[in-house]
>>> print(open('model32.cif').read())   # mmCIF, C-alpha atoms and all ligand atoms
data_model
#
loop_
_atom_site.label_atom_id
_atom_site.label_comp_id
_atom_site.auth_asym_id
_atom_site.auth_seq_id
_atom_site.Cartn_x
_atom_site.Cartn_y
_atom_site.Cartn_z
CA MET A 1 -31.67 -2.40 2.24
CA ASN A 2 -32.08 -5.28 4.66
CA ASP A 3 -29.38 -6.73 6.83
CA ARG A 4 -29.08 -9.92 4.76
CA GLU A 5 -27.15 -7.79 2.28
CA ARG A 6 -24.63 -6.79 4.96
CA VAL A 7 -21.08 -7.10 3.65
CA ILE A 8 -18.54 -8.37 6.17
CA ILE A 9 -15.02 -6.92 5.88
CA VAL A 10 -12.13 -8.37 7.83
CA GLY A 11 -9.47 -5.77 8.68
CA ALA A 12 -9.70 -2.01 9.32
CA GLY A 13 -6.54 -1.18 7.37
CA PRO A 14 -6.56 1.19 4.39
CA VAL A 15 -8.01 -1.50 2.11
CA GLY A 16 -10.83 -2.75 4.35
CA LEU A 17 -11.90 0.79 5.21
CA SER A 18 -11.80 1.88 1.54
CA ALA A 19 -14.15 -0.97 0.60
CA ALA A 20 -16.35 -0.04 3.57
CA ILE A 21 -16.68 3.65 2.61
CA TYR A 22 -17.56 2.74 -0.99
CA LEU A 23 -20.37 0.42 0.14
CA ALA A 24 -21.64 2.38 3.14
CA SER A 25 -21.81 5.66 1.20
CA ARG A 26 -24.13 3.88 -1.26
CA GLY A 27 -26.43 2.71 1.52
CA LEU A 28 -25.14 -0.85 1.94
CA PRO A 29 -24.75 -2.16 5.50
CA VAL A 30 -21.15 -3.12 6.28
CA THR A 31 -19.45 -4.64 9.29
CA VAL A 32 -15.69 -4.22 9.58
CA LEU A 33 -14.10 -6.64 12.04
CA GLU A 34 -10.71 -5.53 13.34
CA ALA A 35 -8.43 -7.65 15.54
CA GLY A 36 -6.69 -4.67 17.12
CA PRO A 37 -8.11 -2.53 19.93
CA GLN A 38 -7.91 0.55 17.67
CA LEU A 39 -6.78 1.61 14.20
CA GLY A 40 -3.16 0.69 13.44
CA ARG A 41 -0.40 3.24 13.98
CA ASP A 42 2.36 1.43 12.04
CA LEU A 43 4.64 3.58 9.96
CA ARG A 44 4.18 1.90 6.62
CA ALA A 45 2.86 3.53 3.45
CA SER A 46 3.33 7.24 2.92
CA THR A 47 2.95 7.71 -0.85
CA PHE A 48 -0.43 8.26 -2.52
CA HIS A 49 -0.40 8.00 -6.30
CA PRO A 50 -2.59 10.17 -8.59
CA PRO A 51 -5.35 7.62 -9.37
CA THR A 52 -5.74 6.76 -5.68
CA LEU A 53 -6.23 10.46 -4.95
CA ASP A 54 -8.79 10.56 -7.80
CA MET A 55 -10.71 7.64 -6.28
CA LEU A 56 -10.72 8.98 -2.73
CA ASP A 57 -11.83 12.44 -3.90
CA GLU A 58 -15.49 11.46 -4.18
CA TYR A 59 -15.64 10.96 -0.40
CA GLY A 60 -13.85 14.20 0.53
CA ILE A 61 -10.89 12.10 1.69
CA THR A 62 -8.30 13.44 -0.76
CA GLU A 63 -8.54 17.02 0.46
CA GLN A 64 -7.91 15.82 4.03
CA VAL A 65 -4.98 13.61 2.95
CA ILE A 66 -3.49 16.64 1.18
CA ALA A 67 -4.13 18.87 4.23
CA GLN A 68 -2.36 16.36 6.52
CA GLY A 69 0.40 15.50 4.04
CA LEU A 70 2.52 17.26 1.46
CA VAL A 71 2.23 17.48 -2.29
CA ALA A 72 5.21 16.12 -4.24
CA ALA A 73 5.06 17.17 -7.90
CA THR A 74 8.44 15.67 -8.75
CA TRP A 75 10.51 12.67 -7.73
CA GLN A 76 14.07 11.64 -8.42
CA ILE A 77 16.32 8.71 -9.12
CA ARG A 78 19.74 9.58 -7.74
CA ASP A 79 23.16 8.04 -7.37
CA ARG A 80 24.35 8.14 -3.76
CA VAL A 81 27.66 9.61 -4.86
CA ALA A 82 26.99 11.57 -8.07
CA GLY A 83 23.55 13.05 -7.23
CA VAL A 84 20.52 13.38 -9.52
CA VAL A 85 20.34 10.89 -12.41
CA GLY A 86 16.80 11.76 -13.49
CA GLU A 87 13.94 13.88 -12.18
CA PHE A 88 10.33 13.14 -13.11
CA ASP A 89 7.59 15.76 -13.09
CA LEU A 90 4.10 14.35 -12.63
CA GLY A 91 2.66 17.55 -14.13
CA ILE A 92 3.04 15.77 -17.49
CA LEU A 93 -0.02 13.68 -16.48
CA ALA A 94 -2.30 16.74 -16.09
CA ASP A 95 -4.63 15.53 -18.88
CA GLU A 96 -4.94 12.06 -17.31
CA THR A 97 -5.73 12.77 -13.67
CA ALA A 98 -7.20 15.50 -11.48
CA HIS A 99 -4.17 15.02 -9.19
CA PRO A 100 -0.97 15.12 -11.25
CA TYR A 101 1.29 14.68 -8.22
CA ARG A 102 2.00 12.27 -5.39
CA VAL A 103 0.94 13.09 -1.84
CA GLN A 104 3.20 12.12 1.03
CA CYS A 105 0.95 11.34 3.99
CA GLU A 106 1.22 8.52 6.51
CA GLN A 107 -1.12 5.56 6.10
CA PHE A 108 -2.35 5.84 9.71
CA LYS A 109 -3.69 9.32 8.91
CA LEU A 110 -5.71 7.90 6.00
CA THR A 111 -7.35 5.21 8.14
CA ARG A 112 -8.41 7.79 10.72
CA ILE A 113 -9.88 10.04 8.03
CA VAL A 114 -11.84 7.17 6.43
CA TYR A 115 -12.97 5.84 9.81
CA ASP A 116 -14.37 9.27 10.75
CA LYS A 117 -16.27 9.42 7.45
CA LEU A 118 -17.72 5.94 8.06
CA THR A 119 -19.16 6.89 11.44
CA VAL A 120 -21.66 9.14 9.62
CA TYR A 121 -23.52 6.04 8.38
CA PRO A 122 -25.51 4.23 11.10
CA TRP A 123 -25.47 1.06 8.95
CA ALA A 124 -21.65 0.95 8.98
CA GLN A 125 -20.04 -0.78 11.99
CA VAL A 126 -16.34 -1.03 12.80
CA ILE A 127 -15.89 -3.53 15.63
CA PHE A 128 -12.48 -3.57 17.33
CA ASN A 129 -10.98 -6.39 19.43
CA SER A 130 -12.60 -8.85 17.02
CA LYS A 131 -10.05 -11.25 15.62
CA VAL A 132 -11.58 -13.39 12.91
CA THR A 133 -10.70 -17.03 13.51
CA GLY A 134 -13.00 -18.78 11.05
CA ALA A 135 -14.86 -18.06 7.81
CA SER A 136 -17.37 -20.25 5.98
CA GLN A 137 -20.13 -19.89 3.40
CA THR A 138 -23.34 -21.37 2.06
CA GLY A 139 -24.94 -20.76 -1.36
CA ASP A 140 -26.35 -17.40 -0.25
CA SER A 141 -24.46 -16.20 2.81
CA VAL A 142 -21.13 -16.01 4.63
CA ARG A 143 -20.40 -16.55 8.30
CA VAL A 144 -17.37 -15.50 10.32
CA VAL A 145 -16.42 -16.29 13.87
CA THR A 146 -14.41 -13.85 15.96
CA GLU A 147 -12.52 -14.08 19.20
CA GLY A 148 -12.46 -11.18 21.66
CA PRO A 149 -9.79 -10.32 24.27
CA GLY A 150 -11.25 -12.52 27.04
CA GLY A 151 -11.60 -15.49 24.69
CA SER A 152 -15.30 -14.65 24.05
CA THR A 153 -16.55 -15.65 20.61
CA GLU A 154 -19.10 -14.02 18.32
CA ALA A 155 -20.52 -15.00 14.94
CA TYR A 156 -21.49 -12.61 12.13
CA ARG A 157 -23.44 -13.31 8.95
CA GLY A 158 -23.53 -11.42 5.70
CA SER A 159 -23.94 -11.65 1.96
CA TYR A 160 -20.25 -11.43 1.00
CA LEU A 161 -16.94 -11.40 2.84
CA ILE A 162 -13.91 -9.28 1.94
CA GLY A 163 -10.67 -10.51 3.50
CA ALA A 164 -8.59 -7.32 3.87
CA ASP A 165 -6.71 -8.74 6.83
CA GLY A 166 -3.17 -8.14 5.61
CA ALA A 167 -0.26 -10.33 4.60
CA SER A 168 -0.90 -13.08 7.19
CA SER A 169 -4.59 -13.23 6.22
CA VAL A 170 -6.67 -15.73 8.17
CA VAL A 171 -9.37 -15.43 5.50
CA ARG A 172 -6.87 -16.52 2.82
CA LYS A 173 -5.94 -19.55 4.92
CA GLU A 174 -9.59 -20.33 5.63
CA ILE A 175 -10.34 -20.59 1.91
CA GLY A 176 -7.20 -22.65 1.34
CA VAL A 177 -5.46 -20.28 -1.08
CA GLU A 178 -1.66 -20.42 -1.49
CA PHE A 179 0.39 -17.21 -1.20
CA GLU A 180 2.87 -17.80 -4.00
CA GLY A 181 6.20 -16.01 -4.27
CA PHE A 182 9.33 -15.41 -2.24
CA THR A 183 10.77 -13.51 0.72
CA TYR A 184 13.75 -11.20 0.22
CA PRO A 185 16.83 -12.36 2.13
CA GLU A 186 17.72 -8.85 3.31
CA LEU A 187 15.65 -6.97 5.87
CA PHE A 188 14.37 -3.45 5.25
CA MET A 189 15.03 -0.79 7.86
CA LEU A 190 12.82 2.29 8.14
CA ILE A 191 14.10 5.27 10.15
CA SER A 192 12.35 8.63 10.64
CA THR A 193 14.30 11.75 11.58
CA PRO A 194 13.60 15.49 11.53
CA PHE A 195 17.14 16.08 10.19
CA GLY A 196 17.12 18.64 7.31
CA PHE A 197 18.56 16.50 4.48
CA ALA A 198 17.47 19.06 1.86
CA ASP A 199 19.96 21.57 3.33
CA TYR A 200 22.85 19.21 2.54
CA LEU A 201 21.88 17.19 -0.54
CA PRO A 202 21.65 19.52 -3.56
CA LYS A 203 18.33 19.66 -5.44
CA LEU A 204 16.71 17.01 -3.23
CA ALA A 205 13.02 16.34 -4.06
CA SER A 206 10.45 15.11 -1.52
CA ILE A 207 10.71 11.56 -2.93
CA ASN A 208 14.18 10.25 -3.78
CA TYR A 209 15.41 6.80 -4.79
CA PHE A 210 19.18 6.50 -4.33
CA ALA A 211 21.03 3.81 -6.28
CA ASP A 212 24.19 2.39 -4.79
CA PRO A 213 25.99 -0.91 -5.39
CA LYS A 214 26.60 -1.34 -1.64
CA GLU A 215 23.58 0.21 0.05
CA TRP A 216 20.62 1.67 -1.83
CA LEU A 217 18.43 4.20 -0.02
CA LEU A 218 15.02 5.84 -0.18
CA LEU A 219 14.60 9.30 1.26
CA LEU A 220 10.95 10.29 1.55
CA ARG A 221 9.59 13.40 3.13
CA VAL A 222 6.41 13.47 5.23
CA PRO A 223 5.24 16.66 6.97
CA ASP A 224 7.27 16.27 10.18
CA PHE A 225 10.10 13.93 9.19
CA TRP A 226 12.28 12.44 6.55
CA ARG A 227 11.81 8.67 6.25
CA CYS A 228 14.92 6.67 5.28
CA LEU A 229 14.44 3.15 3.98
CA LEU A 230 17.58 1.01 3.66
CA PRO A 231 18.47 -2.66 3.30
CA ALA A 232 19.83 -4.42 6.41
CA SER A 233 21.85 -7.60 6.68
CA PRO A 234 19.90 -10.64 7.91
CA ASP A 235 23.17 -11.90 9.45
CA ARG A 236 23.01 -9.30 12.21
CA SER A 237 20.52 -9.54 15.08
CA GLU A 238 17.53 -7.23 15.26
CA GLU A 239 18.90 -5.68 18.50
CA GLU A 240 22.18 -4.90 16.77
CA LEU A 241 20.54 -3.44 13.64
CA MET A 242 18.13 -1.30 15.64
CA SER A 243 20.75 -0.03 18.11
CA ASP A 244 21.47 3.72 18.31
CA ASP A 245 25.03 3.12 17.07
CA SER A 246 23.99 1.13 14.04
CA ILE A 247 21.32 3.66 13.00
CA GLU A 248 23.67 6.58 13.61
CA SER A 249 26.28 4.99 11.39
CA CYS A 250 23.71 4.39 8.58
CA LEU A 251 22.58 8.03 8.69
CA GLN A 252 26.10 9.45 8.95
CA LYS A 253 26.75 7.76 5.59
CA VAL A 254 23.79 9.66 4.08
CA VAL A 255 24.92 13.07 5.36
CA LYS A 256 27.84 13.55 7.73
CA SER A 257 26.61 15.49 10.73
CA ASP A 258 28.59 16.77 13.75
CA GLU A 259 25.51 16.35 15.95
CA PRO A 260 24.03 12.90 16.55
CA TYR A 261 20.86 12.31 14.56
CA GLU A 262 17.52 12.67 16.32
CA ILE A 263 15.57 9.46 15.67
CA ALA A 264 11.78 9.66 15.82
CA HIS A 265 10.95 6.07 14.78
CA ARG A 266 12.78 2.94 13.77
CA THR A 267 11.38 -0.33 12.40
CA LEU A 268 12.73 -3.44 10.75
CA TYR A 269 10.64 -5.24 8.10
CA ARG A 270 10.82 -8.56 6.36
CA VAL A 271 9.71 -8.00 2.76
CA HIS A 272 7.98 -10.43 0.40
CA GLN A 273 6.88 -10.65 -3.22
CA ARG A 274 3.78 -12.83 -3.13
CA VAL A 275 0.44 -13.07 -4.93
CA ALA A 276 -2.50 -15.21 -3.83
CA ALA A 277 -3.18 -18.13 -6.19
CA ALA A 278 -6.86 -17.05 -6.28
CA TYR A 279 -8.65 -13.88 -5.21
CA ARG A 280 -12.04 -15.48 -4.66
CA LYS A 281 -13.74 -18.55 -3.42
CA GLY A 282 -17.52 -18.30 -3.85
CA ARG A 283 -18.72 -15.38 -1.73
CA ILE A 284 -15.35 -14.78 -0.07
CA PHE A 285 -12.79 -12.39 -1.63
CA LEU A 286 -9.25 -11.26 -0.89
CA ALA A 287 -8.01 -7.68 -1.33
CA GLY A 288 -4.90 -5.63 -0.54
CA ASP A 289 -2.02 -7.29 1.30
CA ALA A 290 -4.15 -10.39 1.86
CA ALA A 291 -4.02 -10.84 -1.93
CA HIS A 292 -0.58 -9.46 -2.83
CA VAL A 293 2.52 -8.11 -1.12
CA ASN A 294 5.54 -6.52 -2.76
CA ASN A 295 8.63 -4.55 -1.88
CA PRO A 296 7.84 -0.93 -0.95
CA LEU A 297 9.98 0.65 -3.72
CA GLY A 298 7.48 2.61 -5.76
CA GLY A 299 4.79 2.82 -3.09
CA MET A 300 2.39 0.41 -4.75
CA GLY A 301 1.13 -1.94 -2.02
CA MET A 302 -1.43 0.24 -0.30
CA ASN A 303 -2.31 2.06 -3.53
CA GLY A 304 -2.86 -1.22 -5.38
CA GLY A 305 -4.88 -2.51 -2.42
CA ILE A 306 -7.14 0.55 -2.48
CA HIS A 307 -7.62 0.00 -6.22
CA ASP A 308 -8.64 -3.62 -5.44
CA ALA A 309 -11.06 -2.37 -2.77
CA PHE A 310 -12.91 0.04 -5.07
CA ASN A 311 -12.97 -2.45 -7.95
CA LEU A 312 -14.45 -5.21 -5.77
CA ALA A 313 -16.82 -2.98 -3.80
CA GLU A 314 -18.25 -1.59 -7.05
CA LYS A 315 -18.99 -5.12 -8.30
CA ILE A 316 -20.58 -6.24 -5.03
CA PHE A 317 -22.69 -3.07 -5.06
CA THR A 318 -23.94 -3.63 -8.61
CA VAL A 319 -24.83 -7.24 -7.83
CA LEU A 320 -26.62 -6.45 -4.55
CA CYS A 321 -28.28 -3.18 -5.52
CA LYS A 322 -28.40 -2.83 -9.29
CA GLY A 323 -29.48 -6.30 -10.35
CA ALA A 324 -26.17 -7.20 -12.03
CA ALA A 325 -25.61 -10.94 -12.55
CA PRO A 326 -23.48 -12.65 -9.86
CA GLU A 327 -21.03 -13.57 -12.68
CA THR A 328 -19.99 -9.88 -12.60
CA LEU A 329 -17.98 -10.80 -9.49
CA GLU A 330 -15.73 -13.08 -11.54
CA LEU A 331 -14.31 -9.99 -13.21
CA TYR A 332 -12.63 -8.87 -9.98
CA GLU A 333 -9.96 -11.55 -10.06
CA ARG A 334 -9.61 -11.34 -13.85
CA GLN A 335 -9.01 -7.60 -13.66
CA ARG A 336 -6.95 -7.25 -10.49
CA ARG A 337 -4.78 -10.37 -10.17
CA PRO A 338 -2.85 -9.75 -13.42
CA VAL A 339 -2.22 -6.18 -12.22
CA ALA A 340 -0.60 -7.56 -9.05
CA ILE A 341 1.67 -9.85 -11.07
CA GLU A 342 2.42 -7.96 -14.25
CA CYS A 343 2.34 -4.38 -12.98
CA ILE A 344 2.88 -4.10 -9.20
CA LYS A 345 5.25 -7.04 -8.77
CA ALA A 346 7.11 -6.35 -12.01
CA GLN A 347 7.48 -2.59 -11.41
CA SER A 348 8.55 -2.91 -7.76
CA MET A 349 11.20 -5.47 -8.74
CA ASP A 350 12.41 -3.24 -11.62
CA ASN A 351 12.66 -0.34 -9.16
CA LEU A 352 14.85 -2.35 -6.81
CA ALA A 353 16.98 -3.61 -9.72
CA VAL A 354 17.85 -0.01 -10.70
CA LEU A 355 18.88 0.79 -7.13
CA ASN A 356 20.91 -2.27 -6.14
CA GLU A 357 22.77 -3.18 -9.35
CA THR A 358 26.40 -4.00 -8.57
CA ASN A 359 27.74 -4.52 -12.09
CA SER A 360 29.20 -1.16 -13.22
CA GLU A 361 28.39 -1.68 -16.94
CA LYS A 362 24.79 -2.54 -16.14
CA ARG A 363 24.53 0.39 -13.75
CA LYS A 364 25.74 2.73 -16.47
CA ARG A 365 23.23 1.33 -18.97
CA GLN A 366 20.40 1.67 -16.42
CA PHE A 367 21.37 5.25 -15.59
CA ASP A 368 21.57 6.13 -19.32
CA GLU A 369 18.06 4.75 -19.70
CA VAL A 370 16.82 6.82 -16.73
CA ARG A 371 18.41 9.97 -18.23
CA ARG A 372 16.89 9.27 -21.68
CA THR A 373 13.47 8.69 -20.14
CA ALA A 374 13.59 11.85 -18.03
CA ALA A 375 14.71 13.96 -21.01
CA ASP A 376 12.13 12.70 -23.53
CA PRO A 377 8.53 13.88 -22.84
CA LYS A 378 6.95 10.88 -24.61
CA ARG A 379 9.04 8.35 -22.72
CA ALA A 380 8.61 10.25 -19.45
CA TYR A 381 4.83 10.26 -19.96
CA GLU A 382 4.73 6.49 -20.51
CA PHE A 383 7.05 5.84 -17.59
CA LEU A 384 4.97 8.02 -15.26
CA MET A 385 1.69 6.49 -16.46
CA ARG A 386 3.15 3.13 -15.43
CA THR A 387 4.83 4.08 -12.17
CA SER A 388 1.86 6.15 -10.99
CA MET A 389 -0.39 3.11 -11.61
CA LEU A 390 -2.71 4.84 -14.11
CA SER A 391 -1.80 2.36 -16.88
CA SER A 392 -2.59 -0.65 -14.70
CA LEU A 393 -6.07 0.68 -13.91
CA ARG A 394 -6.82 1.33 -17.57
CA ARG A 395 -5.54 -2.07 -18.49
CA ALA A 396 -7.76 -3.71 -15.85
CA ALA A 397 -10.80 -1.75 -17.06
CA GLU A 398 -10.35 -3.24 -20.55
CA VAL A 399 -10.58 -6.82 -19.23
CA GLY A 400 -14.15 -8.06 -19.77
C1 LIG B 1 8.12 0.13 5.15
C2 LIG B 1 6.91 0.10 4.29
C3 LIG B 1 6.62 1.17 3.47
C4 LIG B 1 5.51 1.12 2.63
N1 LIG B 1 5.26 2.20 1.81
C5 LIG B 1 4.21 2.16 0.97
C6 LIG B 1 3.86 3.30 0.17
O1 LIG B 1 4.50 4.36 0.25
N2 LIG B 1 2.78 3.21 -0.64
C7 LIG B 1 2.04 2.07 -0.71
O2 LIG B 1 1.08 2.02 -1.51
N3 LIG B 1 2.30 1.00 0.07
C8 LIG B 1 3.35 1.00 0.92
N4 LIG B 1 3.58 -0.04 1.76
C9 LIG B 1 2.65 -1.19 1.78
C10 LIG B 1 1.39 -0.87 2.61
O3 LIG B 1 1.76 -0.51 3.92
C11 LIG B 1 0.46 -2.08 2.62
O4 LIG B 1 0.28 -2.52 1.29
C12 LIG B 1 -0.91 -1.72 3.23
O5 LIG B 1 -0.81 -1.55 4.62
C13 LIG B 1 -1.94 -2.82 2.94
O6 LIG B 1 -3.16 -2.46 3.53
P1 LIG B 1 -4.21 -3.58 3.96
O7 LIG B 1 -5.39 -2.84 4.47
O8 LIG B 1 -4.37 -4.57 2.85
O9 LIG B 1 -3.48 -4.41 5.12
P2 LIG B 1 -2.99 -3.91 6.54
O10 LIG B 1 -2.60 -2.49 6.50
O11 LIG B 1 -2.01 -4.92 6.99
O12 LIG B 1 -4.30 -4.00 7.43
C14 LIG B 1 -4.86 -5.24 7.80
C15 LIG B 1 -5.74 -5.05 9.02
O13 LIG B 1 -6.36 -6.30 9.31
C16 LIG B 1 -6.28 -6.55 10.71
N5 LIG B 1 -6.32 -8.00 10.89
C17 LIG B 1 -5.34 -8.90 10.63
N6 LIG B 1 -5.77 -10.14 10.90
C18 LIG B 1 -7.04 -10.03 11.34
C19 LIG B 1 -8.02 -10.96 11.79
N7 LIG B 1 -7.78 -12.29 11.82
N8 LIG B 1 -9.24 -10.50 12.19
C20 LIG B 1 -9.51 -9.17 12.15
N9 LIG B 1 -8.62 -8.25 11.75
C21 LIG B 1 -7.40 -8.67 11.34
C22 LIG B 1 -4.96 -5.91 11.13
O14 LIG B 1 -4.94 -5.64 12.53
C23 LIG B 1 -4.94 -4.66 10.27
O15 LIG B 1 -5.59 -3.58 10.90
C24 LIG B 1 4.68 -0.02 2.62
C25 LIG B 1 4.94 -1.10 3.48
C26 LIG B 1 6.04 -1.04 4.31
C27 LIG B 1 6.32 -2.21 5.22
#
>>> encode(input="model32.cif", output="structure tokens", more="lines below")
Ligand SMILES: Cc1cc2nc3c(=O)[nH]c(=O)nc-3n(C[C@H](O)[C@H](O)[C@H](O)COP(=O)(O)OP(=O)(O)OC[C@H]3O[C@@H](n4cnc5c(N)ncnc54)[C@H](O)[C@@H]3O)c2cc1C
Amino acid sequence: MNDRERVIIVGAGPVGLSAAIYLASRGLPVTVLEAGPQLGRDLRASTFHPPTLDMLDEYGITEQVIAQGLVAATWQIRDRVAGVVGEFDLGILADETAHPYRVQCEQFKLTRIVYDKLTVYPWAQVIFNSKVTGASQTGDSVRVVTEGPGGSTEAYRGSYLIGADGASSVVRKEIGVEFEGFTYPELFMLISTPFGFADYLPKLASINYFADPKEWLLLLRVPDFWRCLLPASPDRSEEELMSDDSIESCLQKVVKSDEPYEIAHRTLYRVHQRVAAAYRKGRIFLAGDAAHVNNPLGGMGMNGGIHDAFNLAEKIFTVLCKGAAPETLELYERQRRPVAIECIKAQSMDNLAVLNETNSEKRKRQFDEVRRTAADPKRAYEFLMRTSMLSSLRRAAEVG
């Protein structure tokens, strides 16, 4: 394989690195350009869905994600006052996936695992401190320009370019693609604490979505902490929202504790629902958060981005190495963009709607529906196929 086939990937997040491992493990030269001085350490995704675990298995990544995370066979929708409304057991998907469970493992652990696997291939480069500032293309190549810490610039050439450079993607701007959608007015607050919630909240699972007309809540377990995700008022300043007092008062409403809570991490996020108007311009593609962002309820952003990465990398590989027609690449947008709109966006908005409904009649109807779904194996199966993203992958595979 000569270097003219080199695929340039912008961004060493979970999506860029997933595309890189697919291509590099099949012998294709890849260059990943990362703006940061090292892999990110942000506390963002922590849920891996079954099909993502299936995809990562081929590279020996899944076993390491499981070893560094925890397996969650069930998850719950709860009412903050009344407790469990419905519990869902992913074991019902045992005939559909080799991993009929979610794994709770922080995203920064995944990127380290994938990065280590990539270093085995001498033809795979990950170059840090390389912020892409420009991207262009000719009929048979792409070119990107990067800026280093001292203002030094470098240029890289390749056959194709994958923009996996996150929500504020420079690549998306360079190809003039709109990021259509909206930004939620409320902020989202993420707090990690070692507090033992399971000792106080009866029957708590490792993944819990709490509905409440005033303040919904997610309580997610990772190996060392519980992560609490809550809405926060945009009318209060960031300093105020992130203060010890404000966080203490949020957590005291979850479980009243005589001791002050120990806080391991705190972050405030602005959350968007946006999908790129196009996923491709010529030889330049968008994947992951560069192509779509959504609210984190349901854990679909990173998972959906990894599904994009494998879908696109497979098509680039077949064109470069298996003689497939370049038109094969058109399928990527046709298969993955509808998933972002009709599955990821729709499901994440439905998830929030169940949690934050204020009308008591509607809340009751929604809870009845959750109970019916949890109690009926056929409905539960369909619901879990959808929420675990297996349906969206099958649907995409049918698009020719
Ligand atoms: C609170 C929270 C919880 C979440 N929970 C979940 C969950 O449980 N499950 C789930 O699936 N998703 C979840 N998500 C979403 C998930 O974190 C994102 O979808 C995921 O990080 C997207 O990965 P990515 O690789 O596309 O982008 P990113 O992770 O943003 O990575 C982009 C990379 O590109 C680099 N970069 C940016 N610009 C440039 C440039 N110009 N040149 C070079 N490099 C550049 C960045 O430094 C970064 O390393 C959550 C998000 C939040 C905020």
>>> residues_near_ligand(input="model32.cif", ligand="ligand LIG 1 (chain B)", cutoff="7 Å", atoms="all atoms listed in the file", output="ChimeraX atom specification")
/A:10-16,33-36,39-40,43-48,130-133,164-170,190,269,287-290,293,296,298-305
>>> atom_distance(input="model32.cif", atom1="CA of Ile162 (chain A)", atom2="CA of Arg283 (chain A)")
8.6 Å
>>> residues_around(input="model32.cif", residues="His49 (chain A)", least_positions_apart="5", cutoff="7 Å", atoms="only C-alpha atoms", output="ChimeraX atom specification")
/A:102-103,303,388
>>> closest_residue(input="model32.cif", among="A:Val399, A:Met385, A:Ile316, A:Leu187", to="Arg6 (chain A)", atoms="all atoms listed in the file")
A:Ile316
>>> closest_residue(input="model32.cif", among="A:Ala353, A:Leu384, A:Asp368, A:Pro202", to="Val81 (chain A)", atoms="only C-alpha atoms")
A:Pro202
>>> atom_distance(input="model32.cif", atom1="CA of Leu219 (chain A)", atom2="CA of Ser348 (chain A)")
16.3 Å
>>> residues_around(input="model32.cif", residues="region 21-26 of chain A", least_positions_apart="6", cutoff="8 Å", atoms="all atoms listed in the file", output="list in words")
Tyr59, Val114, Lys117, Leu118, Tyr121, Trp123, Ala124, Phe310, Ala313, Glu314 and Phe317 of chain A
>>> atom_distance(input="model32.cif", atom1="CA of Asp199 (chain A)", atom2="CA of Val65 (chain A)")
26.2 Å
>>> closest_residue(input="model32.cif", among="A:Leu53, A:Val275, A:Met189, A:Ala135", to="Ile306 (chain A)", atoms="all atoms listed in the file")
A:Leu53
>>> residues_around(input="model32.cif", residues="Asp235 (chain A)", least_positions_apart="4", cutoff="10 Å", atoms="only C-alpha atoms", output="number ranges by chain")
A: 185-187, 241
>>> write_last_selection(input="model32.cif", atoms="C-alpha atoms", output="PDB file, in the coordinates of the input")
ATOM      1  CA  PRO A 185      16.830 -12.360   2.130  1.00  0.00           C
ATOM      2  CA  GLU A 186      17.720  -8.850   3.310  1.00  0.00           C
ATOM      3  CA  LEU A 187      15.650  -6.970   5.870  1.00  0.00           C
ATOM      4  CA  LEU A 241      20.540  -3.440  13.640  1.00  0.00           C
TER       5      LEU A 241
END
>>> residues_near_point(input="model32.cif", point="(26.0, 10.3, 4.3)", cutoff="10 Å", atoms="all atoms listed in the file", output="MDAnalysis selection string")
chainID A and resid 80:81 197 200:201 249:257
>>> write_last_selection(input="model32.cif", atoms="C-alpha atoms", output="compact mmCIF listing (two decimals), in the coordinates of the input")
# COMPACT_ATOMS: atom_id res chain seq x y z
CA ARG A 80 24.35 8.14 -3.76
CA VAL A 81 27.66 9.61 -4.86
CA PHE A 197 18.56 16.50 4.48
CA TYR A 200 22.85 19.21 2.54
CA LEU A 201 21.88 17.19 -0.54
CA SER A 249 26.28 4.99 11.39
CA CYS A 250 23.71 4.39 8.58
CA LEU A 251 22.58 8.03 8.69
CA GLN A 252 26.10 9.45 8.95
CA LYS A 253 26.75 7.76 5.59
CA VAL A 254 23.79 9.66 4.08
CA VAL A 255 24.92 13.07 5.36
CA LYS A 256 27.84 13.55 7.73
CA SER A 257 26.61 15.49 10.73
>>> closest_residue(input="model32.cif", among="A:Ile9, A:Cys105, A:Val142, A:Val319", to="Ile66 (chain A)", atoms="only C-alpha atoms")
A:Cys105
>>> closest_residue(input="model32.cif", among="A:Pro223, A:Gly139, A:Gly148, A:Pro231", to="Pro326 (chain A)", atoms="only C-alpha atoms")
A:Gly139
